[in-house]
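Participant: Please read through the structure below; I'll follow up with questions.
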Amino acid sequence: MTTGSATDSSSVWWFEDVPCGRTRKQGLIQKKTFSRDLETFVREILQNSVDARYDPSEPVQVTFRLRELDDRTAFEEAIQWDDLYAHVKAGGKDQDGHGLADYVKYLENGGAFRLLTIEEKNAKGIQGNEEDQDSDYAALIRDPGASNKGGSTGGRHGLGSTLLWVTSGFQTVLFNSTLAEERPGQTSPRLVGRCFIPTHDLSEGECYSNDGWFGSESGFQRDELKRPESIWNDQAEVLAEDLGMARPDANGTTIMIPGFRDPSDPAMDDQPSPDELYNEFIRATAEYFWPAIRGGNLQVEIDVCGEDTRLTQETIQDNDLVSPFVECFDRMRNASDSFNGPGTVAKTDQEYGIVSKKEGECDDNEEYPTPTEGHVTVAARKANPSDTEGSPSERLGEVAMFRGPGMVVKYKSGHYLGHSGKYHALLAAGKARTPSEESHSPSDEAIDDFLAMAEPPMHDRWYGKKNDELKAKYESGCVGPAEDLTTKTLRSALSKILYSRSDRSGTLTRPHRDILPRTRSDLRTEGGTKKPPSPSIPPLFEWHISDRIAGDEWLFSGTVGPNSERKAIGDGPIEEWEATFELVALFEDNREADTVVVEDIDAEVADGSGQIDVAETRENGEKSYVNAVGDVRSATVEIEAQLDGVEARLGDLAKTRLKLDDGSVEVGE
């Protein structure tokens with residue numbers, strides 16, 4: 001203990017004194033779990049606030065407020081600056097890499113001291129007692145990085161809170177909370193602070209632990225604590241006012257980050273200006289939380305050094321970056337199954353099957369087996385000419401994927417699905433398929449729970465491979481559905497929407513744009529190419545590929561291009577074409593071994609004129625493609641590929657199969 005006594009209830013900073021020969025710790029180890037950038041920070045903060053919403057009939061309101069303090073006198077007195085600063089400076093000397101020492105140097109050289117407060121309204125506040133093992137207080141304050149969340153809440157892992165300390169130059173965060181439900185002996189507000197720095201020496205032989213507490217000394221009188229505890233009621237209210245983090249008359253938590261900085265620049269070499277921070281907060285909020293905002297679940301105010309904006313259910317549609325997605329979302333439920341022209345929306349409810357939770361993993365209110373058959377909704381809005389330039393064009397041809405909490409998990413380019421084009425699309429899964437005020441079907445609730453477990457700590461994708469938590473909670477076969485949703489399921493749904501149109505009678509017909517039928521060609525490692533049987537209709541693409549094995553790689557070379565035997569292709573100028581493919585290794589008996597990972601593709605125009613773009617195999621089964629813009633009749637292609645993890649069996653593999661999964665050819669008039 002470095003200040004105060006153990007007999008009064010005044011506030012104090014406290015780091016436990018430890019023997020200098022003990023294991024020395026670096027601080028909050030979990031800080032390396034997440035990407036260190038402002039976008040991830042905003043995503044995690046807002047996701048946690050949405051999860052903490054108290055009254056489901058009203059949105060949770062979040063305000064980001066940034067200030068640069070020229071006069072820190074009152075603030076320094078309230079936070080007991082001298083005590084905290086001495087520990088932070090000492091911790092910086094023992095920290096691996098950039099961080100504390102860089103910030104101290106920046107500050108001592110006259111750098112701007114920034115305070116960020118994040119204020120919630122209509123949230124439940126920091127629930128729990130000091131000693132609870134499963135509570136908000138335990139997960140956020142006492143043991144940051146743990147989680148008390150369950151079910152389909154967005155922040156199931158609870159690791160996102162560790163980003164708070166990463167964005168502080170002091171690695172220090174304060175909390176002031178008004179509880180929606182108070183326990184006996186609790187009177188809001190509740191104020192407490194934590195600091196996580198390396199084990200450090202204030203002087204020779206005077207060593208302190210890596211985690212510090214800011215709170216009431218009354219906690220030392222409790223045998224189960226022997227540390228500072230939360231400050232409550234009038235004392236907390238006065239201290240919060242002095243710190244500049246007083247709360248409005250509403251349930252929720254105000255978080256203060258002293259020494260706020262861009263976490264991607266711990267060396268403090270190129271910190272963003274207030275204007276840049278303002279724009280980044282707006283962009284990240286709109287881009288990833290427009291479903292929650294438009295759905296009436298979230299409102300966000302951003303106030304940076306006096307420049308202010310509000311993102312609400314009414315104003316989010318005016319954000320050019322996401323307005324096409326918002327319009328698609330608004331019209332999704334009543335949309336038809338095909339486009340009728342630019343600006344129109346089409347949708348399909350695609351069948352989606354999962355597996356049941358294990359019997360022992362079911363909640364008390366769940367029956368075993370849990371639902372396994374349901375749907376996801378995929379919708380797309382055909383772009384207007386104005387959407388092809390400026391902010392709306394940044395996400396043109398992409399799919400926004402989200403579930404119940406209303407945070408976009410990921411934007412996926414239609415290129416990787418073989419569906420390039422001028423549209424903005426969305427995949428709404430689980431509880432996101434129905435408005436929050438309506439009852440959700442059991443299958444939607446089950447899918448939402450399943451996808452929550454299929455998310456990694458950063459909540460930026462859905463996956464099944466190497467997902468031990470998913471496998472532990474769900475029955476055998478859970479990996480496939482998690483992997484297939486954003487590949488096979490999404491691709492099939494987009495095909496229905498993008499490649500169908502309504503004729504005057506209302507029936508669906510194929511578009512004028514030719515679409516590649518599923519076609520396969522077996523390529524022998526010896527003896528050249530095995531030609532497929534001739535179809536009655538010429539295939540859309542013509543290709544000539546040979547391959548050879550060199551070490552643990554497959555090398556492919558040849559040509560690919562639109563089939564001129566198709567009359568429309570042979571007669572008219574080609575404007576653009578794209579072929580999406582994958583390579584699969586086969587054994588002698590034609591059993592598929594594994595998908596071959598395409599590591600590199602080179603393509604050049606062989607016949608015609610134009611430009612060519614390519615993409616290698618992406619994660620989660622996303623396929624490779626060759627895209628040509630212009631009157632390109634043929635392209636030479638060279639592919640380097642590797643069979644992941646099967647080097648020792650290369651001698652057993654007799655041939656590979658080239659699968660053209662999808663494609664299109666656009667021909668001018």
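By order of appearance in the structure tokens: chains A, B, ..., then residues from 1 within every chain, and ligands from 1 in the order shown.
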Write out as a PyMOL selection string the residues lying within 10 Å of segment 48-59 of chain A, counting only C-alpha atoms and excluding same-chain residues fewer than 4 positions away.

Facilitator: chain A and resi 43-44+119-126+136+149+152-156+158+160-161+180-181+251-253+289+292-293+295-300+312-313+405-407+436-437

Participant: Excluding same-chain residues fewer than 6 positions from Lys382 of chain A, what lies within 8 Å of it counting only C-alpha atoms, as an mmCIF file with C-alpha atoms, in the first residue's frame?

Facilitator:
```cif
data_model
loop_
_atom_site.group_PDB
_atom_site.id
_atom_site.type_symbol
_atom_site.label_atom_id
_atom_site.label_comp_id
_atom_site.auth_asym_id
_atom_site.auth_seq_id
_atom_site.Cartn_x
_atom_site.Cartn_y
_atom_site.Cartn_z
ATOM 1 C CA PHE A 339 -35.016 -7.334 -58.776
ATOM 2 C CA GLY A 341 -34.560 -2.400 -61.590
ATOM 3 C CA PRO A 342 -31.981 -0.172 -59.907
ATOM 4 C CA GLY A 343 -32.777 0.655 -56.299
ATOM 5 C CA THR A 344 -35.080 -2.346 -55.830
ATOM 6 C CA VAL A 345 -34.606 -4.972 -53.130
ATOM 7 C CA LYS A 422 -23.437 -3.685 -58.475
ATOM 8 C CA TYR A 423 -25.452 -4.374 -55.335
ATOM 9 C CA HIS A 424 -25.371 -4.067 -51.550
#
```

Participant: Rank A:Pro324, A:Glu578, A:Ile601, A:Ala112 by their smallest atom-to-atom distance to Pro274 of chain A, using only C-alpha atoms, and report the top residue only.

Facilitator: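 Of A:Pro324, A:Glu578, A:Ile601, A:Ala112, the one nearest Pro274 of chain A, counting only C-alpha atoms, is A:Ala112.
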
Participant: How many Å separate atom CA of Cys328 of chain A from atom CA of Glu398 of chain A?

Facilitator: 12.5 Å

Participant: Give me, as an MDAnalysis selection string, all polymer residues having an atom no more than 12 Å from segment 364-367 of chain A, counting only C-alpha atoms and skipping those fewer than 3 positions away in the same chain.

Facilitator: chainID A and resid 151 356:361 370:371 442 445:446 449

Participant: Would you mind reading off the distance between atom CA of Val192 of chain A and atom CA of Phe170 of chain A, one decimal, in Å?

Facilitator: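 It comes out at 15.8 Å.
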
Participant: Extract, using only C-alpha atoms, all DNA, RNA and protein residues at most 12 Å from Leu311 of chain A, discarding same-chain residues fewer than 4 positions from it, and format them as a PyMOL selection string.

Facilitator: chain A and resi 59+61-64+281-287+289-294+296-303+315-319+322

Participant: So that I have them on file, write out the residues from the current selection with N, CA and C atoms, as a compact mmCIF listing (two decimals), in the first residue's frame.

Facilitator:
```txt
# COMPACT_ATOMS: atom_id res chain seq x y z
N PRO A 59 -33.88 2.23 -26.66
CA PRO A 59 -32.49 1.99 -27.05
C PRO A 59 -31.53 2.29 -25.91
N GLN A 61 -28.32 4.23 -24.91
CA GLN A 61 -27.69 5.44 -25.45
C GLN A 61 -26.25 5.51 -24.98
N VAL A 62 -25.34 5.70 -25.93
CA VAL A 62 -23.91 5.73 -25.62
C VAL A 62 -23.32 7.04 -26.17
N THR A 63 -22.54 7.73 -25.33
CA THR A 63 -21.88 8.96 -25.74
C THR A 63 -20.37 8.80 -25.59
N PHE A 64 -19.63 9.01 -26.68
CA PHE A 64 -18.17 9.12 -26.63
C PHE A 64 -17.85 10.61 -26.51
N PHE A 281 -14.51 7.49 -35.20
CA PHE A 281 -15.58 7.03 -34.32
C PHE A 281 -16.90 6.95 -35.08
N ILE A 282 -17.18 7.95 -35.91
CA ILE A 282 -18.42 7.93 -36.70
C ILE A 282 -18.41 6.76 -37.68
N ARG A 283 -17.30 6.61 -38.40
CA ARG A 283 -17.22 5.55 -39.41
C ARG A 283 -17.40 4.17 -38.79
N ALA A 284 -16.65 3.88 -37.72
CA ALA A 284 -16.73 2.55 -37.11
C ALA A 284 -18.11 2.28 -36.54
N THR A 285 -18.73 3.30 -35.94
CA THR A 285 -20.07 3.13 -35.38
C THR A 285 -21.09 2.83 -36.47
N ALA A 286 -21.09 3.66 -37.51
CA ALA A 286 -22.07 3.49 -38.58
C ALA A 286 -21.85 2.17 -39.33
N GLU A 287 -20.60 1.87 -39.63
CA GLU A 287 -20.29 0.72 -40.47
C GLU A 287 -20.64 -0.61 -39.80
N PHE A 289 -22.60 -0.91 -36.70
CA PHE A 289 -23.77 -0.95 -35.82
C PHE A 289 -25.02 -0.35 -36.44
N TRP A 290 -25.03 -0.17 -37.75
CA TRP A 290 -26.25 0.35 -38.38
C TRP A 290 -27.45 -0.59 -38.16
N PRO A 291 -27.30 -1.93 -38.11
CA PRO A 291 -28.50 -2.74 -37.84
C PRO A 291 -29.07 -2.48 -36.45
N ALA A 292 -28.20 -2.36 -35.43
CA ALA A 292 -28.68 -2.09 -34.08
C ALA A 292 -29.30 -0.70 -33.98
N ILE A 293 -28.70 0.28 -34.65
CA ILE A 293 -29.21 1.64 -34.60
C ILE A 293 -30.54 1.74 -35.34
N ARG A 294 -30.59 1.21 -36.54
CA ARG A 294 -31.83 1.27 -37.32
C ARG A 294 -32.94 0.44 -36.68
N GLY A 296 -33.57 0.31 -33.63
CA GLY A 296 -34.05 0.96 -32.41
C GLY A 296 -33.43 0.43 -31.14
N ASN A 297 -32.31 -0.29 -31.25
CA ASN A 297 -31.67 -0.86 -30.06
C ASN A 297 -30.53 0.00 -29.53
N LEU A 298 -30.05 0.97 -30.32
CA LEU A 298 -28.85 1.71 -29.95
C LEU A 298 -28.91 3.13 -30.52
N GLN A 299 -28.47 4.09 -29.72
CA GLN A 299 -28.21 5.46 -30.17
C GLN A 299 -26.80 5.83 -29.74
N VAL A 300 -26.09 6.54 -30.60
CA VAL A 300 -24.70 6.89 -30.28
C VAL A 300 -24.49 8.37 -30.54
N GLU A 301 -23.90 9.05 -29.57
CA GLU A 301 -23.48 10.45 -29.72
C GLU A 301 -21.96 10.49 -29.67
N ILE A 302 -21.37 11.27 -30.55
CA ILE A 302 -19.91 11.40 -30.62
C ILE A 302 -19.57 12.87 -30.48
N ASP A 303 -18.86 13.21 -29.40
CA ASP A 303 -18.50 14.59 -29.08
C ASP A 303 -16.99 14.65 -28.88
N THR A 315 -31.36 9.19 -38.11
CA THR A 315 -30.25 9.81 -38.84
C THR A 315 -29.31 8.81 -39.51
N ILE A 316 -29.32 7.53 -39.10
CA ILE A 316 -28.37 6.58 -39.65
C ILE A 316 -28.58 6.38 -41.15
N GLN A 317 -29.80 6.59 -41.62
CA GLN A 317 -30.07 6.41 -43.05
C GLN A 317 -29.41 7.50 -43.88
N ASP A 318 -28.95 8.58 -43.24
CA ASP A 318 -28.30 9.67 -43.96
C ASP A 318 -26.80 9.46 -44.08
N ASN A 319 -26.27 8.43 -43.46
CA ASN A 319 -24.84 8.14 -43.57
C ASN A 319 -24.58 7.46 -44.91
N VAL A 322 -23.36 3.66 -45.34
CA VAL A 322 -24.21 2.51 -45.05
C VAL A 322 -25.65 2.69 -45.52
```

Participant: Could you give me the residues within segment 195-411 of chain A that DSSP places in helix (DSSP H, G or I), as a PyMOL selection string?

Facilitator: chain A and resi 217-221+233-243+274-294+316-318+323-331+359-361+385-388+391-395

Participant: Taking only segment 219-413 of chain A into account, list the residues labelled strand (DSSP E) by DSSP (computed from the backbone), as number ranges by chain.

Facilitator: A: 231-232, 252-258, 298-304, 307-311, 345-353, 373-382, 398-402, 408-413
